[in-house]
Structure formats: C-alpha cells, structure tokens
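Okay, structure first, notes after.
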Amino acid sequence: MIFQEDFRKDSDKIQKPKNISMSRSRMKHIIPYIAILLLATVTIYSNAEKERTRITERCQDTFSHAIRTEKKLLIKQFCMQYRQENSPNSLSVEDKKDWYDQNYLIATSPSRHQLDSLFRDGAHKINRNISTAIGYTFNGKNYFSGDESCRKSVIPVQECVYRKDTISTTDIVLQAYIHIPFYVPLQNTYTYAVVFMASVALAVCFLYTRRRKKNMTGIPLQELPETGNRTTDNARWIIISKEVWWDEKNHIIKKGETSMILTGESLKFFKLFLENK
C-alpha cells in the first residue's frame with residue numbers, strides 16, 4: 001500500500017495530544033528528583049535541629065562550669081555566720097552563700113569580664129564559630145556584655161537565679177546567651193553522608209532517565225538501500241512525502257540516507273499522526 005500525505009495538515013491535529021502527553025512524561029521524570037531533594041532536605045534539617053539542641057545543652061553545662069571556676073579563682077576565703085532558727089525565711093545556707101558570692105563578684109567586677117571570658121573559651125571548645133555573651137539583673141540594673149545591635153540575634157541558653165530572701169527585687173539573675181550561625185549545625189559527618197547519598201541517587205536517576213529517553217526516541221540503523229531499487233519489497237513502504245518513507249511492518253522511518261526504528265512514545269505518536277488524517 002503506497003500513499004502520500006501532507007505533513008502540515010496532520011501535524012496541527014496531532015500537536016495538542018502530543019503536548020499533553022509530553023508534559024505528563026516530563027512530570028514523571030521530575031518527580032523522582034523532587035522526591036530525592038525533599039527527602040535529603042528534611043533529613044538534613046532534622047539532623048541540624050538535633051545538632052543545634054546538642055550544642056545548646058553543652059553550652060548550658062559550659063556556663064555552669066564557668067560560674068564555678070570564676071568563684072574558685074576570685075573568692076579565696078569566705079566567712080559567714082548563719083543560724084537557721086534566726087533566719088526570717090526558709091532559704092538554705094547554700095542559697096544564701098551563692099547570693100553573697102554573686103553580690104561580691106558584681107561589686108568587684110560589674111562587667112564580669114572573668115565570667116564572660118570563661119564562658120566564651122568553653123563555648124569555643126565546642127565550636128569556634130559560636131558567639132557568646134552574658135548578662136545579669138540586680139537592683140534594677142540590667143547588664144549585657146555584648147553589643148546591643150546583636151542582642152536580637154542571640155538566644156538565651158541558661159538562667160541562674162540567686163536569692164537571699166523572699167523579696168524578688170533583691171534577686172540576682174545571671175543569663176548566658178549564644179549565637180549559632182546557620183552553617184554550624186550542618187558541619188558534621190552525618191550531613192556530608194546525606195549529601196553524598198543524595199548526589200549518587202540523583203546521578204543514578206539522571207542516567208536511568210537519559211537511557212530510557214534514548215530508547216524511546218529510537219535506535220539509529222545502518223543505511224538502507226535506495227527505495228527506487230526495490231521490486232517486490234517495495235510493497236511494505238508508505239510514502240509520507242517526497243523524501244520520507246515509512247515501513248509499517250518493521251517501524252522504520254527513512255529520510256534520504258538516514259533511517260531509524262521508532263519505539264515507545266515516538267512510535268505511538270507517529271501512528272496516531274498517520275491515522276489522524
């Protein structure tokens with residue numbers, strides 16, 4: 001069977017369903033990439049939050065250790081007389097002693113440089129990129145060791161309240177603050193492993209998609225002999241245009257000296273193209 005068709009007329013009719021199918025095909029190819037990236041992002045974010053919590057907890061221990069170290073360095077001797085039965089409140093002697101220690105340290109060094117340095121050194125042992133600051137409230141005075149401009153960027157990690165009686169205005173409140181840059185929780189082996197596995201998965205997905213797309217678009221064949229030299233074999237060829245021939249039995253399309261086998265989506269759309277006259 002031999003016939004000749006006009007490409008432009010038929011291509012206009014076939015364009016719309018082809019575009020719809022191609023859009024769906026592209027979405028199928030994109031979905032695996034989105035899933036891999038989404039899974040990797042969620043995993044990295046979850047691990048970063050755990051790492052941030054771990055750093056915060058370690059900074060809390062560091063601040064408590066800095067308070068104890070400061071007292072050992074600056075308070076060599078302490079004398080105090082205390083009788084529980086004469087006390088106007090139920091606070092223990094340890095609580096009262098801690099208050100007097102802090103009162104003495106504030107009176108000696110209102111800026112608390114020693115405590116600030118000890119806390120900063122301990123935090124830098126955890127990570128060199130962590131910024132620290134301390135503050136305290138006493139007798140209506142609020143002190144913050146850092147710049148006021150960076151106060152909004154720091155987060156409180158520890159607060160210690162010292163009391164000598166039940167009057168809250170005499171309380172001494174020490175605060176510890178830290179600033180953790182966004183990249184610090186990401187600097188760990190687990191994050192690197194997730195990034196590596198996601199990269200491998202994306203590479204495999206890309207190679208698989210590329211190979212599948214290549215198989216669907218057609219496989220080039222060796223050049224076929226000129227159609228004019230065919231005798232009995234010419235009956236299986238359909239003339240699409242002056243230069244384009246179609247072998248419906250073997251799914252071979254030929255233009256000039258170039259030929260290929262159509263498979264998959266290419267074959268499906270080309271058959272629909274021929275049928276939709």
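Chain identifiers are assigned as A, B, and so on, following the order in which chains appear in the structure tokens; residues are numbered from 1 within each chain, and ligands are numbered from 1 in order of appearance.
Counting only C-alpha atoms, Asn250 of chain A has the following residues at most 9 Å away, ignoring those fewer than 2 positions along the same chain: A:Asp247, A:Glu248, A:Ile252, A:Ile261, A:Leu262.
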inquiry  = Taking 4 positions as the minimum chain separation for residues in the same chain, which residues sit within 8 Å of segment 194-201 of chain A when counting only C-alpha atoms? Answer as a PyMOL selection string.
reply    = chain A and resi 36-37+40+43-44+190+205
ask   = Where in segment 61-277 of chain A does DSSP assign alpha helix (DSSP H), given as a ChimeraX atom specification?
value = /A:61-74,93-108,113-126,189-217,264-275
task = Please report, as number ranges by chain, each residue of segment 11-160 of chain A to which DSSP assigns strand (DSSP E or B) when run on this structure's backbone.
result = A: 131-138, 141-144, 155-160
message = Env of segment 98-102 of chain A: 9 Å cut, atoms = only C-alpha atoms, seq-sep filter 4 positions within chain, self excluded. Answer as an NGL selection string.
response = :A and (71 or 75 or 78 or 93-94 or 106-107 or 161-164 or 171-172)
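Residue neighbourhood of Tyr136 of chain A, excluding near-sequence residues (fewer than 2 positions): A:Ile134, A:Phe138, A:Lys141, A:Asn142, A:Tyr143, A:Phe144, A:Ile172, A:Val173, A:Leu174, A:Gln175, A:Ala176, at 9 Å, using only C-alpha atoms.
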request  = Write out as a list in words each polymer residue whose atoms come within 7 Å of Gly122 of chain A, counting only C-alpha atoms; drop sequence neighbours fewer than 4 positions from it.
outcome  =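 These residues fall inside the cut-off: Thr62, Leu118 and Ile126 of chain A.
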One-decimal distance in Å that lies between atom CA of Gly140 of chain A and atom CA of Thr169 of chain A =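 Going from atom CA of Thr169 of chain A over to atom CA of Gly140 of chain A, I get 7.5 Å.
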